[in-house]
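Chemist: My questions will all concern the structure given below.
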Amino acid sequence: MPRFVLILLVMICCLTVVSCNLFKTRTPAEPSQQSSNYIPPTDASLVLQNMVNAFQDRDVVNYTKSFSGTLFSFEPATSARTRYGGELLNWDKTKEQQYFENVKNSLQANAIVTLTFTPITSTNFQDSCEIGTAYTLDVPHTKASVTKRFSGQSQFTIVRDPQIGYWYISRWVDIGANSSDSTWSDLKGAFAR
């Protein structure tokens, strides 16, 4: 009987080794999510770079990381305030996240969003920074009634969190460079809902 058991065990081991391909390498699995271009904002200028990256990556989470929680406020360009009225009132981080999600969901397949900031002014303090920029934002969305290019100027107040040292936008003032251009405020108003 022991000889029978020994032969049976050897046969089971041989079958297991042959059938399981124990020494064969497998094809690696695809990553479950795309890599992030988020840069820890240890400098105020990195906040704006993270906004550029978030648009390129269509990443809502990384976009909203650029904004201070309860302190964030947005002042729309005058022309957009007139056009969109209540949509832009009491704008906060939650509305910022919702509009970005709506823009993301309306992008054409394989579309590339391009955001460019051109610095105009920068005033640095120990725990805050005022940055004035010109911007151009190209958004190839599918909403027929809304332009795809937005341009103007923005004045950002960026503050440093003293506990972790990261910088966040606490105040954003959008300014139309001229009355015929659609501003970032127009994009927000058009995609607020």
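Numbering starts fresh at 1 for the residues of each chain in the structure tokens, the chains themselves are lettered A, B, ... in the order given, and ligands are numbered from 1 as they appear.
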Determine, for each residue of range 36-133 of chain A having at least one atom at most 7 Å from an atom of range 162-182 of chain A, the closest pair of atoms and their separation in Å to one decimal, counting only C-alpha atoms; order by chain and ascending number, as CSV.

Modeler:
```
residue,atom,partner,partner_atom,distance
A:Pro41,CA,A:Tyr166,CA,5.1
A:Thr42,CA,A:Tyr166,CA,4.9
A:Asp43,CA,A:Trp167,CA,6.5
A:Ala44,CA,A:Trp167,CA,5.5
A:Val47,CA,A:Tyr168,CA,6.6
A:Ser66,CA,A:Tyr168,CA,5.3
A:Phe67,CA,A:Ile169,CA,4.7
A:Ser68,CA,A:Tyr168,CA,5.2
A:Leu71,CA,A:Ser170,CA,5.5
A:Phe72,CA,A:Ser170,CA,4.2
A:Ser73,CA,A:Arg171,CA,4.9
A:Phe74,CA,A:Trp172,CA,4.8
A:Glu75,CA,A:Val173,CA,4.7
A:Pro76,CA,A:Asp174,CA,5.1
A:Ala77,CA,A:Ile175,CA,4.8
```

Chemist: Keeping C-alpha atoms, export the residues of the selection given above as a CSV table (one decimal), in the first residue's frame.

Modeler:
```
chain,number,residue,atom,x,y,z
A,41,PRO,CA,2.3,72.3,-4.4
A,42,THR,CA,5.2,73.2,-2.3
A,43,ASP,CA,5.5,76.4,-4.3
A,44,ALA,CA,2.7,78.8,-5.3
A,47,VAL,CA,-0.7,75.3,-8.1
A,66,SER,CA,-5.8,73.3,-6.2
A,67,PHE,CA,-8.5,75.1,-4.2
A,68,SER,CA,-8.7,75.9,-0.5
A,71,LEU,CA,-11.9,79.9,2.1
A,72,PHE,CA,-12.2,79.6,-1.7
A,73,SER,CA,-14.1,82.4,-3.5
A,74,PHE,CA,-14.5,83.2,-7.2
A,75,GLU,CA,-15.3,86.6,-8.7
A,76,PRO,CA,-16.5,86.2,-12.3
A,77,ALA,CA,-15.7,88.6,-15.2
```

Chemist: Might you pull out every residue within 9 Å of Asp127 in chain A, with only C-alpha atoms counted and same-chain residues fewer than 3 positions away left off, and present them as a PyMOL selection string?

Modeler: chain A and resi 124+158-162+167

Chemist: Restricting the output to C-alpha atoms, write the selected residues as a PDB file, in the first residue's frame.

Modeler:
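Below you can see result.pdb, which holds the result:
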```pdb
ATOM      1  CA  ASN A 124       5.062  87.136  -2.660  1.00  0.00           C
ATOM      2  CA  ILE A 158      -2.734  81.676  -3.254  1.00  0.00           C
ATOM      3  CA  VAL A 159      -2.216  80.818   0.412  1.00  0.00           C
ATOM      4  CA  ARG A 160       0.074  78.363   2.157  1.00  0.00           C
ATOM      5  CA  ASP A 161      -1.299  75.830   4.615  1.00  0.00           C
ATOM      6  CA  PRO A 162       1.010  76.248   7.636  1.00  0.00           C
ATOM      7  CA  TRP A 167      -0.314  76.132  -1.459  1.00  0.00           C
TER       8      TRP A 167
END
```

Chemist: Could you give me, as a ChimeraX atom specification, the residues within 6 Å of range 114-117 of chain A, counting only C-alpha atoms and dropping anything in the same chain fewer than 3 positions from it?

Modeler: /A:52,134-138

Chemist: DSSP says alpha helix (DSSP H) for which residues of range 16-179 of chain A? Put them as a count of residues only?

Modeler: 44

Chemist: Run DSSP on the backbone and grab whatever in range 7-164 of chain A lands in strand (DSSP E); send it over as a short mmCIF file (atom, residue, chain, number, x, y, z; two decimals) with N, CA and C atoms, in the first residue's frame.

Modeler:
```cif
data_model
loop_
_atom_site.label_atom_id
_atom_site.label_comp_id
_atom_site.auth_asym_id
_atom_site.auth_seq_id
_atom_site.Cartn_x
_atom_site.Cartn_y
_atom_site.Cartn_z
N SER A 73 -13.09 81.57 -2.92
CA SER A 73 -14.13 82.40 -3.53
C SER A 73 -13.71 82.74 -4.95
N PHE A 74 -14.71 82.94 -5.79
CA PHE A 74 -14.48 83.25 -7.20
C PHE A 74 -15.30 84.47 -7.58
N GLU A 75 -14.64 85.44 -8.22
CA GLU A 75 -15.33 86.62 -8.72
C GLU A 75 -15.30 86.58 -10.24
N THR A 114 -6.20 72.42 -23.77
CA THR A 114 -4.95 73.17 -23.63
C THR A 114 -5.20 74.41 -22.78
N LEU A 115 -4.47 74.52 -21.69
CA LEU A 115 -4.52 75.69 -20.82
C LEU A 115 -3.12 76.28 -20.75
N THR A 116 -3.03 77.58 -21.04
CA THR A 116 -1.75 78.28 -21.00
C THR A 116 -1.87 79.50 -20.11
N PHE A 117 -0.97 79.61 -19.16
CA PHE A 117 -0.88 80.81 -18.32
C PHE A 117 0.35 81.60 -18.74
N THR A 118 0.19 82.93 -18.83
CA THR A 118 1.32 83.82 -19.09
C THR A 118 1.39 84.78 -17.91
N PRO A 119 2.45 84.68 -17.09
CA PRO A 119 2.55 85.52 -15.90
C PRO A 119 2.60 87.01 -16.26
N ILE A 120 1.89 87.80 -15.46
CA ILE A 120 1.91 89.26 -15.61
C ILE A 120 2.55 89.88 -14.38
N THR A 121 2.02 89.52 -13.21
CA THR A 121 2.55 90.06 -11.95
C THR A 121 2.63 88.96 -10.91
N SER A 122 3.51 89.16 -9.95
CA SER A 122 3.61 88.23 -8.83
C SER A 122 4.13 88.99 -7.62
N THR A 123 3.38 88.92 -6.54
CA THR A 123 3.79 89.54 -5.29
C THR A 123 3.78 88.46 -4.22
N ASN A 124 4.93 88.21 -3.64
CA ASN A 124 5.06 87.14 -2.66
C ASN A 124 5.11 87.68 -1.24
N SER A 128 1.39 83.87 1.69
CA SER A 128 0.45 84.04 0.58
C SER A 128 1.18 84.65 -0.62
N CYS A 129 0.47 84.65 -1.72
CA CYS A 129 1.05 85.14 -2.97
C CYS A 129 -0.08 85.67 -3.83
N GLU A 130 0.15 86.79 -4.51
CA GLU A 130 -0.80 87.33 -5.49
C GLU A 130 -0.17 87.13 -6.86
N ILE A 131 -0.85 86.37 -7.71
CA ILE A 131 -0.33 86.11 -9.05
C ILE A 131 -1.34 86.59 -10.08
N GLY A 132 -0.89 87.48 -10.96
CA GLY A 132 -1.71 87.93 -12.07
C GLY A 132 -1.25 87.25 -13.34
N THR A 133 -2.18 86.66 -14.08
CA THR A 133 -1.81 85.95 -15.30
C THR A 133 -2.79 86.27 -16.42
N ALA A 134 -2.29 86.16 -17.63
CA ALA A 134 -3.18 86.09 -18.80
C ALA A 134 -3.34 84.59 -19.05
N TYR A 135 -4.47 84.20 -19.60
CA TYR A 135 -4.68 82.78 -19.88
C TYR A 135 -5.39 82.59 -21.21
N THR A 136 -5.18 81.43 -21.77
CA THR A 136 -5.93 80.94 -22.92
C THR A 136 -6.28 79.50 -22.62
N LEU A 137 -7.55 79.17 -22.78
CA LEU A 137 -8.04 77.83 -22.48
C LEU A 137 -8.84 77.33 -23.68
N ASP A 138 -8.35 76.28 -24.32
CA ASP A 138 -9.04 75.66 -25.46
C ASP A 138 -9.68 74.36 -24.99
N ARG A 149 -12.93 78.42 -27.16
CA ARG A 149 -11.73 79.14 -26.73
C ARG A 149 -12.13 80.21 -25.73
N PHE A 150 -11.39 80.25 -24.63
CA PHE A 150 -11.64 81.20 -23.56
C PHE A 150 -10.33 81.89 -23.23
N SER A 151 -10.40 83.22 -23.07
CA SER A 151 -9.18 83.95 -22.77
C SER A 151 -9.50 85.16 -21.92
N GLY A 152 -8.50 85.60 -21.20
CA GLY A 152 -8.67 86.76 -20.33
C GLY A 152 -7.50 86.84 -19.38
N GLN A 153 -7.77 87.44 -18.22
CA GLN A 153 -6.75 87.56 -17.18
C GLN A 153 -7.36 87.09 -15.88
N SER A 154 -6.52 86.56 -15.02
CA SER A 154 -6.96 86.13 -13.70
C SER A 154 -6.02 86.66 -12.65
N GLN A 155 -6.59 87.01 -11.53
CA GLN A 155 -5.82 87.41 -10.36
C GLN A 155 -6.06 86.35 -9.30
N PHE A 156 -5.01 85.63 -8.94
CA PHE A 156 -5.13 84.56 -7.95
C PHE A 156 -4.50 84.99 -6.63
N THR A 157 -5.21 84.73 -5.54
CA THR A 157 -4.61 84.81 -4.21
C THR A 157 -4.37 83.37 -3.79
N ILE A 158 -3.12 83.05 -3.58
CA ILE A 158 -2.73 81.68 -3.25
C ILE A 158 -2.13 81.70 -1.85
N VAL A 159 -2.65 80.84 -0.99
CA VAL A 159 -2.22 80.82 0.41
C VAL A 159 -1.53 79.50 0.74
N ARG A 160 -0.65 79.56 1.72
CA ARG A 160 0.07 78.36 2.16
C ARG A 160 -0.55 77.81 3.42
#
```

Chemist: Taking 3 positions as the minimum chain separation for residues in the same chain, which residues sit within 12 Å of Arg193 in chain A when counting only C-alpha atoms? Answer as a ChimeraX atom specification.

Modeler: /A:84,86-88,95-103,105-106,187-190

Chemist: Would you mind exporting C-alpha atoms of the selected residues as a JSON list (two decimals), in the first residue's frame?

Modeler:
```json
[["chain", "number", "residue", "atom", "x", "y", "z"],
["A", 84, "TYR", "CA", -25.09, 83.89, -16.36],
["A", 86, "GLY", "CA", -27.29, 83.35, -10.56],
["A", 87, "GLU", "CA", -25.19, 80.49, -11.92],
["A", 88, "LEU", "CA", -22.03, 82.29, -10.82],
["A", 95, "LYS", "CA", -19.38, 74.41, -7.73],
["A", 96, "GLU", "CA", -15.82, 74.48, -9.07],
["A", 97, "GLN", "CA", -15.69, 70.69, -8.92],
["A", 98, "GLN", "CA", -19.14, 70.31, -10.52],
["A", 99, "TYR", "CA", -18.37, 72.58, -13.49],
["A", 100, "PHE", "CA", -15.06, 70.76, -14.12],
["A", 101, "GLU", "CA", -16.86, 67.39, -14.03],
["A", 102, "ASN", "CA", -19.45, 68.72, -16.50],
["A", 103, "VAL", "CA", -16.72, 69.98, -18.84],
["A", 105, "ASN", "CA", -18.10, 64.75, -19.48],
["A", 106, "SER", "CA", -18.74, 66.90, -22.55],
["A", 187, "LEU", "CA", -17.00, 78.44, -19.40],
["A", 188, "LYS", "CA", -17.99, 78.07, -15.75],
["A", 189, "GLY", "CA", -21.40, 79.62, -16.34],
["A", 190, "ALA", "CA", -22.09, 77.43, -19.37]]
```

Chemist: Give me, please, the distance in Å between CA of Val113 in chain A and CA of Gly69 in chain A, quoted to one decimal.

Modeler: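 We find that CA of Val113 in chain A and CA of Gly69 in chain A lie 25.4 Å from each other.
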
Chemist: Name the closest residue to Asp57 in chain A among the candidates A:Thr142, A:Asn110, A:Thr82, A:Thr183; distances are taken between atoms, counting only C-alpha atoms.

Modeler: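 The closest residue to Asp57 in chain A is A:Asn110.
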